[in-house]
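Novice: Below is the structure I would like to discuss, written out as structure tokens.
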Amino acid sequence: MSVCLIGAGLSGLATAHALKSEGVDFVCLEKAPDVGGLWRQPQAGERGPGYLSLHLNTNKQLTGYADFPMPASYPVYPRHSDVAAYLRSFAEWADVGDRIELGTTVESVRRTADGSWTVVSRDARGTRSSREFTQVIVASGHNTEPTLPAPAPGSDGFKGTILHALDYRDGSDYAGQRVVVVGLGASAVDVAADVSRYASRTVLSVRRGLHILPKQLFGMPLDDVAEAPWWTSMSLQEQRRFIEQALLVARGKLSDYGLPEPDHPIFASAVTISDEILTRIRHGGVTPKPGIDFLDGDRVVFTDGTSADADAIVYCTGYRMAYPFLPAGCPIGPQGSVELYKRVVAPEHPGLHFIGLVRPHGSITRLVEAQARWVARVVAGKAALPEPEVMRKEIGAYLSGIAGQYGQAQSASIQVDVVPYLEELREE
């Protein structure tokens, strides 16, 4: 077998299709009992980043695969179960099911002295196997290990439940309770809006302001705006001024809702997409508060001195990237940044590639398909990689450039601008 593909979510299935189209012999290892990644988890009742109220934040036209669009019957922003069903249909259409080993967990991936890769895995029955491959492609996603802040003083004596969004499933689980949701990212606003329909009181604790954008502007999905020629012809500064003015007209200042104003310009970090959270605040369903200062029994005290009784605290504070089955230092370098040539190739580990380890403003699907087509051509011998030194130089230049806009955070090292990045991949 020439290639081991890890993961059968959106990225893994795109890669499986590309490999098969190039005639590459491969096996895909997926730890879940079905394809679909995080989109299938909520309905299956499994622990994971998915939750029952989860919907796409990107429109279906750009989130579907190029050769296999999402059904016309789907809404513009399908719910998780629709996306999961679509991904299963894609796997059948692409005829890759016989290459996927479900219920198989990868335990280690190591390069041997002769340059091949040894992959040790465990199947659903607990049987371990060790196999040799010439190439390994990792498409298992990066929302892996939950990130929690340092415990607030008094956490040990808190009488309620403290959990991460990884363990949140549905707002009905908190019917009649008093809930504090921590964060302002995508999960936080989804969870706060969802739980507020069932809880007796919902508080949204926000330490740092983020830019909140609706799913549509001027009647157009944000993805379509981002691709419009009149938008792409603007400079970054012009785009920022345009969006900031549009948001000011559409919904006013975030401080008008009791939320902190962002301390950074728009597009200098990830934005939060939500049509609901500001409405739930205005309707009184969600009450904004600053960061948590300390806990006292069943009381949460915030940094402004106010407090709220709580039965549960849900930390929606993100995830850290972790690949415990890979060699140390890959793909995350000593400075904590992802170090990959064109965000795909590990120059220090020949034959190791990553698909989907990027974060765009908008849908990731076209980027994933472009990455998959390129890697499939590389492993098929139809495209060549530059020397390691050239790849390292490109990585350094990219990280320096991206830090100027997005800062030094680990998540910034996977940020890409859709149109320029697609052009780079097409050149490759």
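Residues are named by chain letter and number: chains run A, B, ... in the order of the structure tokens, numbers start at 1 in each chain, and ligands are numbered from 1 in the order shown.
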Can you pull out every residue from segment 29-222 of chain A that DSSP, working from the backbone, puts in helix (DSSP H, G or I), and format the result as a ChimeraX atom specification?
Specialist: /A:37-39,41-44,60-63,80-94,97-99,155-157,165-167,171-174,186-195,222
Novice: Generate the output file for the selected residues, N, CA and C atoms, as a short mmCIF file (atom, residue, chain, number, x, y, z; two decimals), in the first residue's frame.
Specialist:
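Saved result, selection-v5.cif, follows:
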data_model
loop_
_atom_site.label_atom_id
_atom_site.label_comp_id
_atom_site.auth_asym_id
_atom_site.auth_seq_id
_atom_site.Cartn_x
_atom_site.Cartn_y
_atom_site.Cartn_z
N GLY A 37 -16.85 13.03 10.22
CA GLY A 37 -16.17 13.90 11.16
C GLY A 37 -17.11 14.46 12.22
N LEU A 38 -16.87 15.71 12.60
CA LEU A 38 -17.63 16.33 13.70
C LEU A 38 -19.11 16.50 13.35
N TRP A 39 -19.46 16.46 12.06
CA TRP A 39 -20.85 16.69 11.66
C TRP A 39 -21.76 15.54 12.03
N GLN A 41 -21.27 13.66 14.83
CA GLN A 41 -21.20 13.40 16.27
C GLN A 41 -22.48 13.73 17.05
N PRO A 42 -23.11 14.90 16.78
CA PRO A 42 -24.27 15.25 17.63
C PRO A 42 -25.39 14.21 17.58
N GLN A 43 -25.75 13.76 16.37
CA GLN A 43 -26.84 12.80 16.24
C GLN A 43 -26.45 11.45 16.82
N ALA A 44 -25.16 11.15 16.79
CA ALA A 44 -24.68 9.87 17.33
C ALA A 44 -24.54 9.92 18.85
N LYS A 60 -24.02 26.71 1.52
CA LYS A 60 -23.90 25.35 0.99
C LYS A 60 -23.22 25.30 -0.38
N GLN A 61 -23.39 26.37 -1.19
CA GLN A 61 -22.80 26.34 -2.53
C GLN A 61 -21.28 26.24 -2.47
N LEU A 62 -20.67 26.94 -1.51
CA LEU A 62 -19.21 26.94 -1.42
C LEU A 62 -18.70 25.87 -0.46
N THR A 63 -19.59 25.30 0.35
CA THR A 63 -19.16 24.28 1.30
C THR A 63 -19.25 22.88 0.69
N HIS A 80 -26.28 20.14 11.13
CA HIS A 80 -25.24 19.11 11.18
C HIS A 80 -25.67 17.80 10.56
N SER A 81 -26.92 17.37 10.79
CA SER A 81 -27.37 16.08 10.27
C SER A 81 -27.45 16.09 8.75
N ASP A 82 -27.80 17.25 8.16
CA ASP A 82 -27.81 17.36 6.71
C ASP A 82 -26.40 17.23 6.15
N VAL A 83 -25.45 17.89 6.81
CA VAL A 83 -24.06 17.84 6.34
C VAL A 83 -23.52 16.42 6.47
N ALA A 84 -23.83 15.76 7.58
CA ALA A 84 -23.37 14.38 7.78
C ALA A 84 -23.92 13.45 6.70
N ALA A 85 -25.21 13.61 6.37
CA ALA A 85 -25.83 12.79 5.33
C ALA A 85 -25.19 13.08 3.97
N TYR A 86 -24.88 14.35 3.74
CA TYR A 86 -24.24 14.73 2.48
C TYR A 86 -22.85 14.11 2.36
N LEU A 87 -22.10 14.11 3.43
CA LEU A 87 -20.75 13.53 3.39
C LEU A 87 -20.80 12.02 3.16
N ARG A 88 -21.79 11.35 3.76
CA ARG A 88 -21.96 9.92 3.48
C ARG A 88 -22.30 9.68 2.01
N SER A 89 -23.15 10.54 1.47
CA SER A 89 -23.52 10.42 0.05
C SER A 89 -22.32 10.65 -0.85
N PHE A 90 -21.47 11.61 -0.47
CA PHE A 90 -20.27 11.87 -1.26
C PHE A 90 -19.35 10.65 -1.27
N ALA A 91 -19.18 10.02 -0.12
CA ALA A 91 -18.31 8.83 -0.04
C ALA A 91 -18.83 7.72 -0.95
N GLU A 92 -20.15 7.58 -1.01
CA GLU A 92 -20.74 6.59 -1.91
C GLU A 92 -20.54 6.98 -3.37
N TRP A 93 -20.79 8.26 -3.67
CA TRP A 93 -20.64 8.74 -5.05
C TRP A 93 -19.20 8.59 -5.52
N ALA A 94 -18.24 8.93 -4.66
CA ALA A 94 -16.82 8.83 -5.01
C ALA A 94 -16.32 7.39 -5.00
N GLY A 97 -15.70 3.93 -0.25
CA GLY A 97 -16.04 3.22 0.99
C GLY A 97 -15.20 1.99 1.25
N ASP A 98 -14.82 1.28 0.17
CA ASP A 98 -14.04 0.06 0.38
C ASP A 98 -12.61 0.35 0.79
N ARG A 99 -12.19 1.61 0.71
CA ARG A 99 -10.83 1.99 1.13
C ARG A 99 -10.78 2.48 2.58
N SER A 155 -12.97 27.62 42.39
CA SER A 155 -13.52 26.57 41.53
C SER A 155 -13.73 25.26 42.28
N ASP A 156 -12.81 24.94 43.19
CA ASP A 156 -12.92 23.67 43.92
C ASP A 156 -14.19 23.60 44.75
N GLY A 157 -14.67 24.76 45.21
CA GLY A 157 -15.86 24.76 46.05
C GLY A 157 -17.14 25.10 45.31
N ALA A 165 -17.06 23.11 26.20
CA ALA A 165 -18.03 22.95 25.10
C ALA A 165 -17.94 21.57 24.46
N LEU A 166 -16.78 20.89 24.58
CA LEU A 166 -16.63 19.54 24.05
C LEU A 166 -17.69 18.60 24.62
N ASP A 167 -18.15 18.89 25.84
CA ASP A 167 -19.12 18.03 26.50
C ASP A 167 -20.54 18.61 26.48
N GLY A 171 -29.26 22.40 24.64
CA GLY A 171 -29.75 23.33 25.65
C GLY A 171 -30.79 22.75 26.58
N SER A 172 -31.56 21.75 26.10
CA SER A 172 -32.60 21.15 26.94
C SER A 172 -32.01 20.45 28.16
N ASP A 173 -30.72 20.12 28.10
CA ASP A 173 -30.07 19.51 29.26
C ASP A 173 -29.99 20.47 30.44
N TYR A 174 -30.23 21.76 30.19
CA TYR A 174 -30.08 22.79 31.23
C TYR A 174 -31.40 23.51 31.48
N ALA A 186 -17.19 31.08 17.97
CA ALA A 186 -18.32 30.45 17.31
C ALA A 186 -19.11 29.54 18.25
N SER A 187 -18.40 28.70 19.02
CA SER A 187 -19.11 27.79 19.92
C SER A 187 -19.82 28.55 21.03
N ALA A 188 -19.19 29.58 21.56
CA ALA A 188 -19.76 30.33 22.68
C ALA A 188 -21.08 30.98 22.30
N VAL A 189 -21.13 31.64 21.15
CA VAL A 189 -22.37 32.33 20.78
C VAL A 189 -23.46 31.32 20.41
N ASP A 190 -23.07 30.19 19.80
CA ASP A 190 -24.05 29.14 19.49
C ASP A 190 -24.62 28.55 20.77
N VAL A 191 -23.74 28.22 21.71
CA VAL A 191 -24.17 27.59 22.96
C VAL A 191 -25.03 28.55 23.78
N ALA A 192 -24.60 29.81 23.88
CA ALA A 192 -25.36 30.79 24.66
C ALA A 192 -26.76 30.98 24.08
N ALA A 193 -26.85 31.12 22.76
CA ALA A 193 -28.16 31.29 22.13
C ALA A 193 -29.03 30.06 22.32
N ASP A 194 -28.42 28.87 22.21
CA ASP A 194 -29.17 27.63 22.33
C ASP A 194 -29.67 27.42 23.75
N VAL A 195 -28.77 27.55 24.72
CA VAL A 195 -29.15 27.26 26.10
C VAL A 195 -30.13 28.29 26.64
N LEU A 222 -21.86 35.83 3.39
CA LEU A 222 -20.53 36.44 3.51
C LEU A 222 -19.53 35.82 2.55
#
Novice: Counting only C-alpha atoms, what is within 10 Å of Leu102 of chain A, bar same-chain residues fewer than 5 positions away, as an mmCIF file with N, CA, C and O atoms, in the first residue's frame?
Specialist:
data_model
loop_
_atom_site.group_PDB
_atom_site.id
_atom_site.type_symbol
_atom_site.label_atom_id
_atom_site.label_comp_id
_atom_site.auth_asym_id
_atom_site.auth_seq_id
_atom_site.Cartn_x
_atom_site.Cartn_y
_atom_site.Cartn_z
ATOM 1 N N GLY A 7 -8.262 9.921 8.700
ATOM 2 C CA GLY A 7 -9.437 10.758 8.854
ATOM 3 C C GLY A 7 -10.387 10.657 7.678
ATOM 4 O O GLY A 7 -9.957 10.672 6.519
ATOM 5 N N ALA A 8 -11.694 10.550 7.973
ATOM 6 C CA ALA A 8 -12.713 10.457 6.912
ATOM 7 C C ALA A 8 -13.815 11.481 7.138
ATOM 8 O O ALA A 8 -14.991 11.196 6.973
ATOM 9 N N CYS A 28 -7.720 4.404 4.102
ATOM 10 C CA CYS A 28 -8.108 5.510 4.976
ATOM 11 C C CYS A 28 -8.512 4.941 6.333
ATOM 12 O O CYS A 28 -9.376 4.064 6.415
ATOM 13 N N LEU A 29 -7.892 5.437 7.396
ATOM 14 C CA LEU A 29 -8.173 4.969 8.752
ATOM 15 C C LEU A 29 -9.006 6.025 9.475
ATOM 16 O O LEU A 29 -8.595 7.183 9.592
ATOM 17 N N GLU A 30 -10.167 5.637 9.953
ATOM 18 C CA GLU A 30 -11.094 6.549 10.630
ATOM 19 C C GLU A 30 -11.512 5.943 11.963
ATOM 20 O O GLU A 30 -12.027 4.823 12.015
ATOM 21 N N LYS A 31 -11.296 6.673 13.047
ATOM 22 C CA LYS A 31 -11.566 6.111 14.373
ATOM 23 C C LYS A 31 -13.057 6.003 14.685
ATOM 24 O O LYS A 31 -13.463 5.196 15.524
ATOM 25 N N ALA A 32 -13.899 6.806 14.044
ATOM 26 C CA ALA A 32 -15.337 6.766 14.297
ATOM 27 C C ALA A 32 -15.993 5.602 13.559
ATOM 28 O O ALA A 32 -15.414 5.047 12.625
ATOM 29 N N PRO A 33 -17.225 5.251 13.926
ATOM 30 C CA PRO A 33 -17.908 4.144 13.247
ATOM 31 C C PRO A 33 -18.544 4.529 11.918
ATOM 32 O O PRO A 33 -19.175 3.696 11.279
ATOM 33 N N ASP A 34 -18.382 5.785 11.501
ATOM 34 C CA ASP A 34 -18.935 6.217 10.226
ATOM 35 C C ASP A 34 -18.131 7.419 9.738
ATOM 36 O O ASP A 34 -17.386 8.042 10.495
ATOM 37 N N VAL A 35 -18.294 7.769 8.471
ATOM 38 C CA VAL A 35 -17.626 8.941 7.918
ATOM 39 C C VAL A 35 -18.392 10.192 8.334
ATOM 40 O O VAL A 35 -19.527 10.132 8.784
ATOM 41 N N GLY A 97 -15.701 3.926 -0.249
ATOM 42 C CA GLY A 97 -16.040 3.222 0.987
ATOM 43 C C GLY A 97 -15.201 1.994 1.246
ATOM 44 O O GLY A 97 -14.871 1.687 2.403
ATOM 45 N N ASP A 123 -7.982 -1.600 15.712
ATOM 46 C CA ASP A 123 -9.321 -1.627 15.135
ATOM 47 C C ASP A 123 -10.387 -1.687 16.226
ATOM 48 O O ASP A 123 -10.080 -1.666 17.429
ATOM 49 N N ALA A 124 -11.655 -1.770 15.798
ATOM 50 C CA ALA A 124 -12.769 -1.707 16.739
ATOM 51 C C ALA A 124 -12.773 -2.879 17.711
ATOM 52 O O ALA A 124 -13.350 -2.785 18.805
#
Novice: What are the nearest atom pairs, with distances in Å to one decimal, for all residues of segment 22-136 of chain A that come at most 10 Å from segment 212-217 of chain A, using only C-alpha atoms, set out by chain and rising residue number as a tab-separated table?
Specialist:
residue	atom	partner	partner_atom	distance
A:Leu56	CA	A:Lys215	CA	9.8
A:Asn57	CA	A:Lys215	CA	6.7
A:Thr58	CA	A:Lys215	CA	7.6
A:Asn59	CA	A:Lys215	CA	8.6
A:Tyr77	CA	A:Lys215	CA	9.1
Novice: What lies within 9 Å of segment 229-245 of chain A using only C-alpha atoms, ignoring chain neighbours under 3 positions off, as a ChimeraX atom specification?
Specialist: /A:225-226,248-250,265-267,419
Novice: Write a file of the just-selected residues containing all heavy atoms, as an mmCIF file, in the first residue's frame.
Specialist:
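Wrote it out as result10.cif, contents follow:
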data_model
loop_
_atom_site.group_PDB
_atom_site.id
_atom_site.type_symbol
_atom_site.label_atom_id
_atom_site.label_comp_id
_atom_site.auth_asym_id
_atom_site.auth_seq_id
_atom_site.Cartn_x
_atom_site.Cartn_y
_atom_site.Cartn_z
ATOM 1 N N VAL A 225 -19.823 37.573 -0.693
ATOM 2 C CA VAL A 225 -19.235 38.921 -0.613
ATOM 3 C C VAL A 225 -17.720 38.822 -0.746
ATOM 4 O O VAL A 225 -17.085 39.596 -1.477
ATOM 5 C CB VAL A 225 -19.618 39.604 0.715
ATOM 6 C CG1 VAL A 225 -18.862 40.923 0.878
ATOM 7 C CG2 VAL A 225 -21.121 39.855 0.784
ATOM 8 N N ALA A 226 -17.118 37.858 -0.034
ATOM 9 C CA ALA A 226 -15.659 37.720 -0.021
ATOM 10 C C ALA A 226 -15.092 37.386 -1.392
ATOM 11 O O ALA A 226 -13.897 37.581 -1.624
ATOM 12 C CB ALA A 226 -15.242 36.656 0.989
ATOM 13 N N LEU A 248 -21.642 48.978 11.425
ATOM 14 C CA LEU A 248 -22.130 50.083 12.247
ATOM 15 C C LEU A 248 -23.552 50.458 11.841
ATOM 16 O O LEU A 248 -24.420 50.704 12.682
ATOM 17 C CB LEU A 248 -21.201 51.282 12.106
ATOM 18 C CG LEU A 248 -21.373 52.416 13.124
ATOM 19 C CD1 LEU A 248 -21.132 51.896 14.539
ATOM 20 C CD2 LEU A 248 -20.425 53.563 12.809
ATOM 21 N N VAL A 249 -23.812 50.456 10.540
ATOM 22 C CA VAL A 249 -25.151 50.778 10.045
ATOM 23 C C VAL A 249 -26.127 49.651 10.379
ATOM 24 O O VAL A 249 -27.263 49.888 10.800
ATOM 25 C CB VAL A 249 -25.117 51.012 8.519
ATOM 26 C CG1 VAL A 249 -26.533 51.108 7.957
ATOM 27 C CG2 VAL A 249 -24.343 52.285 8.191
ATOM 28 N N ALA A 250 -25.680 48.388 10.223
ATOM 29 C CA ALA A 250 -26.582 47.245 10.369
ATOM 30 C C ALA A 250 -26.961 46.965 11.817
ATOM 31 O O ALA A 250 -28.113 46.617 12.108
ATOM 32 C CB ALA A 250 -25.944 46.003 9.755
ATOM 33 N N PRO A 265 -8.333 45.591 14.866
ATOM 34 C CA PRO A 265 -9.152 45.808 13.671
ATOM 35 C C PRO A 265 -9.728 44.501 13.160
ATOM 36 O O PRO A 265 -9.208 43.417 13.439
ATOM 37 C CB PRO A 265 -8.168 46.427 12.670
ATOM 38 C CG PRO A 265 -6.822 45.970 13.128
ATOM 39 C CD PRO A 265 -6.899 45.878 14.621
ATOM 40 N N ILE A 266 -10.792 44.605 12.407
ATOM 41 C CA ILE A 266 -11.411 43.416 11.841
ATOM 42 C C ILE A 266 -10.437 42.726 10.887
ATOM 43 O O ILE A 266 -9.612 43.374 10.241
ATOM 44 C CB ILE A 266 -12.730 43.789 11.114
ATOM 45 C CG1 ILE A 266 -13.582 42.542 10.900
ATOM 46 C CG2 ILE A 266 -12.463 44.524 9.809
ATOM 47 C CD1 ILE A 266 -15.020 42.848 10.521
ATOM 48 N N PHE A 267 -10.489 41.401 10.833
ATOM 49 C CA PHE A 267 -9.612 40.541 10.047
ATOM 50 C C PHE A 267 -8.184 40.487 10.599
ATOM 51 O O PHE A 267 -7.287 39.980 9.937
ATOM 52 C CB PHE A 267 -9.567 40.941 8.568
ATOM 53 C CG PHE A 267 -10.912 41.030 7.920
ATOM 54 C CD1 PHE A 267 -11.243 42.100 7.104
ATOM 55 C CD2 PHE A 267 -11.862 40.042 8.131
ATOM 56 C CE1 PHE A 267 -12.489 42.195 6.518
ATOM 57 C CE2 PHE A 267 -13.125 40.129 7.548
ATOM 58 C CZ PHE A 267 -13.435 41.210 6.740
ATOM 59 N N VAL A 419 -8.557 33.553 -1.755
ATOM 60 C CA VAL A 419 -8.216 33.705 -3.167
ATOM 61 C C VAL A 419 -6.710 33.597 -3.414
ATOM 62 O O VAL A 419 -6.265 32.826 -4.274
ATOM 63 C CB VAL A 419 -8.794 35.017 -3.729
ATOM 64 C CG1 VAL A 419 -8.326 35.245 -5.159
ATOM 65 C CG2 VAL A 419 -10.328 34.984 -3.680
#
Novice: Using DSSP on the backbone, list every residue of segment 146-271 of chain A that comes out as strand (DSSP E or B), and give them as a list in words.
Specialist: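 Checking each residue of segment 146-271 of chain A, the strand (DSSP E or B) ones are Pro146, Thr161, Ile162, Leu163, His164, Arg178, Val179, Val180, Val181, Val182, Arg201, Thr202, Val203, Leu204, Ser205, Gly209, Ile212, Leu213, Gln216, Leu217, Met220, Pro221 and Pro262 of chain A.
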Novice: Would you put the residues from that selection into a file with N, CA, C and O atoms, as a compact mmCIF listing (two decimals), in the first residue's frame?
Specialist:
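Now in part.txt:
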# COMPACT_ATOMS: atom_id res chain seq x y z
N PRO A 146 -9.45 20.14 24.26
CA PRO A 146 -10.09 21.37 24.76
C PRO A 146 -9.11 22.25 25.52
O PRO A 146 -8.24 21.76 26.25
N THR A 161 -21.92 22.60 38.03
CA THR A 161 -21.16 21.81 37.06
C THR A 161 -20.28 22.72 36.23
O THR A 161 -20.72 23.78 35.78
N ILE A 162 -19.04 22.32 36.03
CA ILE A 162 -18.11 23.05 35.17
C ILE A 162 -17.73 22.12 34.02
O ILE A 162 -17.29 20.99 34.25
N LEU A 163 -17.92 22.56 32.78
CA LEU A 163 -17.60 21.73 31.62
C LEU A 163 -17.07 22.57 30.48
O LEU A 163 -17.21 23.80 30.47
N HIS A 164 -16.44 21.89 29.54
CA HIS A 164 -16.00 22.52 28.30
C HIS A 164 -17.04 22.27 27.22
O HIS A 164 -17.83 21.31 27.31
N ARG A 178 -29.51 27.93 35.82
CA ARG A 178 -28.83 29.21 35.63
C ARG A 178 -27.44 28.88 35.06
O ARG A 178 -26.67 28.17 35.70
N VAL A 179 -27.17 29.38 33.87
CA VAL A 179 -25.98 28.95 33.13
C VAL A 179 -25.11 30.15 32.78
O VAL A 179 -25.61 31.18 32.32
N VAL A 180 -23.80 29.99 32.99
CA VAL A 180 -22.82 30.98 32.55
C VAL A 180 -22.01 30.36 31.41
O VAL A 180 -21.42 29.29 31.58
N VAL A 181 -22.02 31.00 30.26
CA VAL A 181 -21.24 30.56 29.10
C VAL A 181 -20.04 31.51 28.97
O VAL A 181 -20.20 32.73 28.98
N VAL A 182 -18.85 30.94 28.84
CA VAL A 182 -17.62 31.73 28.81
C VAL A 182 -17.04 31.72 27.40
O VAL A 182 -16.77 30.65 26.85
N ARG A 201 -31.88 31.45 33.32
CA ARG A 201 -31.06 32.64 33.06
C ARG A 201 -29.78 32.21 32.38
O ARG A 201 -29.16 31.22 32.77
N THR A 202 -29.36 32.97 31.37
CA THR A 202 -28.11 32.68 30.65
C THR A 202 -27.24 33.92 30.66
O THR A 202 -27.66 35.01 30.25
N VAL A 203 -26.02 33.76 31.16
CA VAL A 203 -25.03 34.85 31.19
C VAL A 203 -23.91 34.50 30.23
O VAL A 203 -23.46 33.35 30.19
N LEU A 204 -23.47 35.47 29.46
CA LEU A 204 -22.33 35.29 28.55
C LEU A 204 -21.17 36.10 29.08
O LEU A 204 -21.19 37.34 29.07
N SER A 205 -20.15 35.39 29.58
CA SER A 205 -18.98 36.04 30.17
C SER A 205 -17.91 36.23 29.10
O SER A 205 -17.41 35.25 28.53
N GLY A 209 -13.17 41.42 23.53
CA GLY A 209 -14.11 41.63 22.45
C GLY A 209 -13.62 41.04 21.13
O GLY A 209 -12.43 41.05 20.83
N ILE A 212 -18.15 40.52 15.56
CA ILE A 212 -19.27 39.63 15.28
C ILE A 212 -19.91 40.04 13.97
O ILE A 212 -20.35 41.19 13.80
N LEU A 213 -19.94 39.11 13.02
CA LEU A 213 -20.52 39.37 11.70
C LEU A 213 -21.76 38.51 11.51
O LEU A 213 -21.79 37.36 11.95
N GLN A 216 -25.05 36.99 6.63
CA GLN A 216 -25.30 37.65 5.35
C GLN A 216 -25.16 39.16 5.50
O GLN A 216 -25.47 39.72 6.54
N LEU A 217 -24.67 39.79 4.46
CA LEU A 217 -24.63 41.25 4.35
C LEU A 217 -25.20 41.62 2.99
O LEU A 217 -24.87 40.98 1.98
N MET A 220 -26.53 38.93 0.82
CA MET A 220 -25.61 37.95 0.26
C MET A 220 -24.89 37.20 1.38
O MET A 220 -24.48 37.82 2.36
N PRO A 221 -24.72 35.88 1.24
CA PRO A 221 -23.87 35.17 2.20
C PRO A 221 -22.47 35.80 2.22
O PRO A 221 -21.98 36.24 1.19
N PRO A 262 -13.96 45.22 20.31
CA PRO A 262 -12.69 44.55 19.99
C PRO A 262 -11.51 45.51 20.14
O PRO A 262 -11.63 46.71 19.84
Novice: Could you list, with a cut-off of 12 Å and counting only C-alpha atoms, the residues of segment 227-343 of chain A near segment 351-358 of chain A, each shown with its nearest atom pair and the distance in Å rounded to one decimal, rows sorted by chain and ascending number, as a Markdown table?
Specialist:
| residue | atom | partner | partner_atom | distance |
| --- | --- | --- | --- | --- |
| A:Met321 | CA | A:Leu357 | CA | 9.7 |
| A:Ala322 | CA | A:Leu357 | CA | 11.8 |
| A:Tyr323 | CA | A:Phe354 | CA | 11.4 |
| A:Leu326 | CA | A:Leu352 | CA | 9.8 |
| A:Pro327 | CA | A:Leu352 | CA | 10.5 |
| A:Cys330 | CA | A:Leu352 | CA | 9.6 |
| A:Pro331 | CA | A:Phe354 | CA | 8.6 |
| A:Ile332 | CA | A:Leu357 | CA | 11.2 |
| A:Ser337 | CA | A:Leu357 | CA | 11.9 |
| A:Val338 | CA | A:Leu357 | CA | 8.8 |
| A:Glu339 | CA | A:Leu357 | CA | 10.7 |
| A:Leu340 | CA | A:Phe354 | CA | 8.3 |
| A:Tyr341 | CA | A:His353 | CA | 9.4 |
| A:Lys342 | CA | A:Val358 | CA | 10.0 |
| A:Arg343 | CA | A:Leu357 | CA | 6.9 |
Novice: If we count only C-alpha atoms, what is near segment 377-382 of chain A at a cut-off of 7 Å, once residues fewer than 2 positions away on the same chain are taken out, given as a ChimeraX atom specification?
Specialist: /A:22,24,373-375,384
